[in-house]
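Have a look at query.tsv; it's TSV, C-alpha atoms:
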```
chain	number	residue	atom	x	y	z
A	313	MET	CA	44.12	-192.66	203.76
A	314	LEU	CA	41.15	-195.02	203.49
A	315	ARG	CA	38.74	-192.08	203.89
A	316	ARG	CA	40.49	-190.14	201.09
A	317	GLY	CA	40.18	-193.22	198.82
A	318	LEU	CA	36.45	-193.52	199.55
A	319	VAL	CA	35.90	-189.82	198.81
A	320	LEU	CA	37.78	-190.21	195.53
A	321	ALA	CA	35.75	-193.32	194.66
A	322	ALA	CA	32.52	-191.45	195.43
A	323	SER	CA	33.51	-188.54	193.20
A	324	LEU	CA	34.13	-190.99	190.35
A	325	GLY	CA	30.74	-192.66	190.86
A	326	VAL	CA	32.19	-195.96	192.09
A	327	ALA	CA	30.12	-197.87	194.64
A	328	ALA	CA	31.72	-198.81	197.93
A	329	ALA	CA	32.16	-202.50	198.70
A	330	GLY	CA	29.00	-204.00	200.16
A	331	SER	CA	26.73	-201.24	198.86
A	332	SER	CA	23.20	-202.07	197.78
A	333	GLY	CA	23.29	-199.98	194.59
A	334	ALA	CA	19.62	-198.95	194.54
A	335	ASN	CA	19.79	-196.82	197.67
A	336	ASP	CA	23.48	-195.92	197.62
A	337	THR	CA	24.31	-192.41	196.44
A	338	TRP	CA	27.85	-193.54	195.59
A	339	GLY	CA	26.86	-196.26	193.14
A	340	GLY	CA	23.94	-194.78	191.25
A	341	CYS	CA	20.49	-195.97	190.40
A	342	TYR	CA	17.63	-195.45	187.96
A	343	THR	CA	15.73	-192.19	188.45
A	344	TYR	CA	12.89	-190.52	186.55
A	345	ASN	CA	13.80	-187.15	184.99
A	346	GLY	CA	10.27	-186.19	183.96
A	347	ALA	CA	10.44	-187.92	180.58
A	348	ILE	CA	12.50	-191.11	180.86
A	349	CYS	CA	14.15	-193.32	183.46
A	350	GLU	CA	17.92	-193.09	183.34
A	351	TRP	CA	20.93	-194.26	185.34
A	352	VAL	CA	22.30	-191.52	187.59
A	353	ASN	CA	25.44	-191.74	189.72
A	354	GLY	CA	25.06	-189.97	193.04
A	355	ALA	CA	21.27	-189.64	192.83
A	356	ASN	CA	19.08	-188.82	195.81
A	357	PRO	CA	18.29	-192.21	197.41
A	358	GLY	CA	14.65	-191.16	197.81
A	359	GLN	CA	14.34	-190.97	193.99
A	360	CYS	CA	16.03	-194.31	193.25
A	361	TYR	CA	14.62	-197.45	191.66
A	362	ALA	CA	16.38	-200.82	191.63
A	363	SER	CA	15.71	-201.34	187.91
A	364	ARG	CA	14.70	-199.41	184.80
A	365	ALA	CA	11.55	-201.54	184.51
A	366	ARG	CA	10.45	-200.66	188.07
A	367	CYS	CA	11.14	-196.95	187.43
A	368	GLU	CA	9.20	-196.98	184.14
A	369	GLN	CA	6.29	-198.86	185.70
A	370	SER	CA	6.12	-196.49	188.70
A	371	ASN	CA	6.22	-193.36	186.54
A	372	GLY	CA	4.35	-194.47	183.41
A	373	ALA	CA	7.53	-193.86	181.43
A	374	SER	CA	9.14	-195.78	178.62
A	375	ALA	CA	12.64	-196.23	177.27
A	376	GLY	CA	11.12	-195.60	173.87
A	377	CYS	CA	8.40	-196.67	171.50
A	378	PHE	CA	7.08	-196.08	168.00
A	379	THR	CA	4.84	-193.04	167.61
A	380	TYR	CA	3.13	-191.42	164.64
A	381	ASN	CA	4.28	-187.82	164.13
A	382	GLY	CA	1.64	-186.92	161.55
A	383	ALA	CA	3.79	-188.09	158.66
A	384	ILE	CA	5.68	-191.26	159.62
A	385	CYS	CA	6.08	-193.76	162.44
A	386	GLU	CA	9.36	-193.27	164.27
A	387	TRP	CA	11.12	-194.43	167.46
A	388	ILE	CA	10.85	-191.81	170.21
A	389	VAL	CA	12.51	-191.87	173.63
A	390	GLY	CA	10.29	-190.31	176.30
A	391	ALA	CA	7.05	-190.35	174.28
A	392	MET	CA	3.70	-190.21	176.05
A	393	GLN	CA	2.42	-193.73	176.68
A	394	SER	CA	-0.94	-192.91	175.07
A	395	GLN	CA	0.88	-192.34	171.75
A	396	CYS	CA	3.04	-195.48	171.88
A	397	TYR	CA	2.97	-198.57	169.68
A	398	THR	CA	5.02	-201.69	170.45
A	399	SER	CA	6.21	-202.11	166.86
A	400	LYS	CA	6.61	-200.05	163.70
A	401	ALA	CA	4.18	-202.38	161.91
A	402	GLN	CA	1.51	-201.80	164.57
A	403	CYS	CA	2.03	-198.03	164.31
A	404	GLU	CA	1.81	-198.08	160.52
A	405	GLN	CA	-1.33	-200.25	160.56
A	406	SER	CA	-3.01	-197.81	162.93
A	407	ASN	CA	-1.85	-194.85	160.83
A	408	TRP	CA	-1.88	-196.51	157.41
A	409	ALA	CA	-0.92	-193.36	155.50
A	410	SER	CA	2.56	-193.40	157.01
A	411	GLY	CA	3.67	-195.68	154.17
A	412	GLY	CA	2.21	-193.40	151.52
A	413	CYS	CA	-1.05	-193.05	149.63
A	414	TYR	CA	-2.68	-191.26	146.69
A	415	THR	CA	-3.68	-187.64	147.32
A	416	TYR	CA	-5.13	-184.87	145.16
A	417	ASN	CA	-2.80	-181.87	144.77
A	418	GLY	CA	-5.35	-179.59	143.10
A	419	ALA	CA	-4.60	-180.81	139.59
A	420	ILE	CA	-3.81	-184.54	139.65
A	421	CYS	CA	-3.78	-187.50	141.99
A	422	GLU	CA	-0.27	-188.55	142.98
A	423	TRP	CA	1.48	-190.90	145.42
A	424	VAL	CA	2.70	-189.08	148.55
A	425	GLU	CA	4.80	-190.45	151.40
A	426	GLY	CA	3.59	-189.23	154.79
A	427	ALA	CA	0.36	-187.59	153.61
A	428	MET	CA	-2.36	-186.60	156.06
A	429	PRO	CA	-4.61	-189.67	156.52
A	430	SER	CA	-7.73	-187.56	155.93
A	431	GLN	CA	-6.46	-186.73	152.40
A	432	CYS	CA	-5.59	-190.32	151.42
A	433	TYR	CA	-7.03	-192.69	148.87
A	434	THR	CA	-6.05	-196.35	148.56
A	435	SER	CA	-5.82	-196.18	144.76
A	436	ARG	CA	-5.28	-193.61	142.02
A	437	ALA	CA	-8.64	-194.54	140.49
A	438	GLN	CA	-10.44	-193.88	143.79
A	439	CYS	CA	-8.72	-190.49	144.11
A	440	GLU	CA	-9.45	-189.51	140.50
A	441	GLN	CA	-13.09	-190.57	140.75
A	442	SER	CA	-13.50	-188.56	143.95
A	443	HIS	CA	-12.15	-185.39	142.34
A	444	GLY	CA	-13.46	-185.87	138.80
A	445	VAL	CA	-10.01	-185.92	137.21
A	446	SER	CA	-8.12	-188.40	135.08
A	447	SER	CA	-4.52	-189.49	134.90
A	448	GLY	CA	-4.15	-187.68	131.65
A	449	CYS	CA	-2.56	-188.95	128.52
A	450	TYR	CA	0.16	-188.13	126.02
A	451	THR	CA	-0.80	-186.03	123.01
A	452	TYR	CA	1.03	-185.35	119.76
A	453	ASN	CA	1.78	-181.66	119.30
A	454	GLY	CA	2.92	-181.96	115.68
A	455	ALA	CA	6.52	-182.75	116.56
A	456	ILE	CA	6.58	-184.89	119.71
A	457	CYS	CA	4.29	-186.63	122.17
A	458	GLU	CA	4.02	-184.83	125.43
```
Written as structure tokens, how would this file's structure read?
Amino acid sequence: MLRRGLVLAASLGVAAAGSSGANDTWGGCYTYNGAICEWVNGANPGQCYASRARCEQSNGASAGCFTYNGAICEWIVGAMQSQCYTSKAQCEQSNWASGGCYTYNGAICEWVEGAMPSQCYTSRAQCEQSHGVSSGCYTYNGAICE
């Protein structure tokens, strides 16, 4: 009867009394899945880590970080460490266009959220001067200003 109870406990992912946890296939542990470290019940003891921090450190993984995707800074789980920032502010400072900037659309300079940094200007005047355009103005067409 005791053996049947232990088998049932193992199938439910419950650790046996006195188990160490990190090296016990019944209790589970942190393992690296190729992208992130996650808790796995019944994992191979040879792939176990006692803590998420130890698993992440051993595998160069992260539970998540802010990365710049070409348009905005966002929280990504399993991102490459070389693309990680510890805070959204740090990511945005390093990729300043993620908050928006002035860009030239072929006719006028306008504010764009998530523009390519290489197409950004810090002010409308700087953008207009660079492209030889002006903001424009309203003109009277005989009936209304447009």
Exercise. Near range 410-420 of chain A, within 6 Å and counting only C-alpha atoms, which residues show up once chain neighbours fewer than 5 positions away are dropped, as a PyMOL selection string?
Worked result: chain A and resi 383-384+404+425-426+431-433+436
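Taking CA of Gln359 in chain A and CA of Gly390 in chain A as endpoints, the distance between them is 18.2 Å.
Here CA of Cys396 in chain A and CA of Ser374 in chain A stand 9.1 Å from one another.
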Exercise. For the atom pair CA of Thr343 in chain A and CA of Gln402 in chain A, what is the interatomic distance in Å to one decimal place?
Worked result: 29.4 Å
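Look at everything within 7 Å of (21.4, -191.5, 191.9) using all atoms listed in the file, and the residues you get are Thr337, Gly340, Cys341, Tyr342, Thr343, Val352, Asn353, Gly354, Ala355, Asn356, Pro357 and Cys360 of chain A.
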Could you save the residues just selected, with C-alpha atoms, as a compact mmCIF listing (two decimals), in the coordinates of the input?
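Output file again.txt follows:
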```
# COMPACT_ATOMS: atom_id res chain seq x y z
CA THR A 337 24.31 -192.41 196.44
CA GLY A 340 23.94 -194.78 191.25
CA CYS A 341 20.49 -195.97 190.40
CA TYR A 342 17.63 -195.45 187.96
CA THR A 343 15.73 -192.19 188.45
CA VAL A 352 22.30 -191.52 187.59
CA ASN A 353 25.44 -191.74 189.72
CA GLY A 354 25.06 -189.97 193.04
CA ALA A 355 21.27 -189.64 192.83
CA ASN A 356 19.08 -188.82 195.81
CA PRO A 357 18.29 -192.21 197.41
CA CYS A 360 16.03 -194.31 193.25
```
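Considering all atoms listed in the file, the residue among A:Ala365, A:Met392, A:Cys421, A:Ser435 positioned nearest to Ser447 in chain A is A:Cys421.
Distances from A:Glu350, A:Glu440, A:Glu386, A:Glu422 to Glu368 in chain A were compared using only C-alpha atoms, and the smallest one belongs to A:Glu350.
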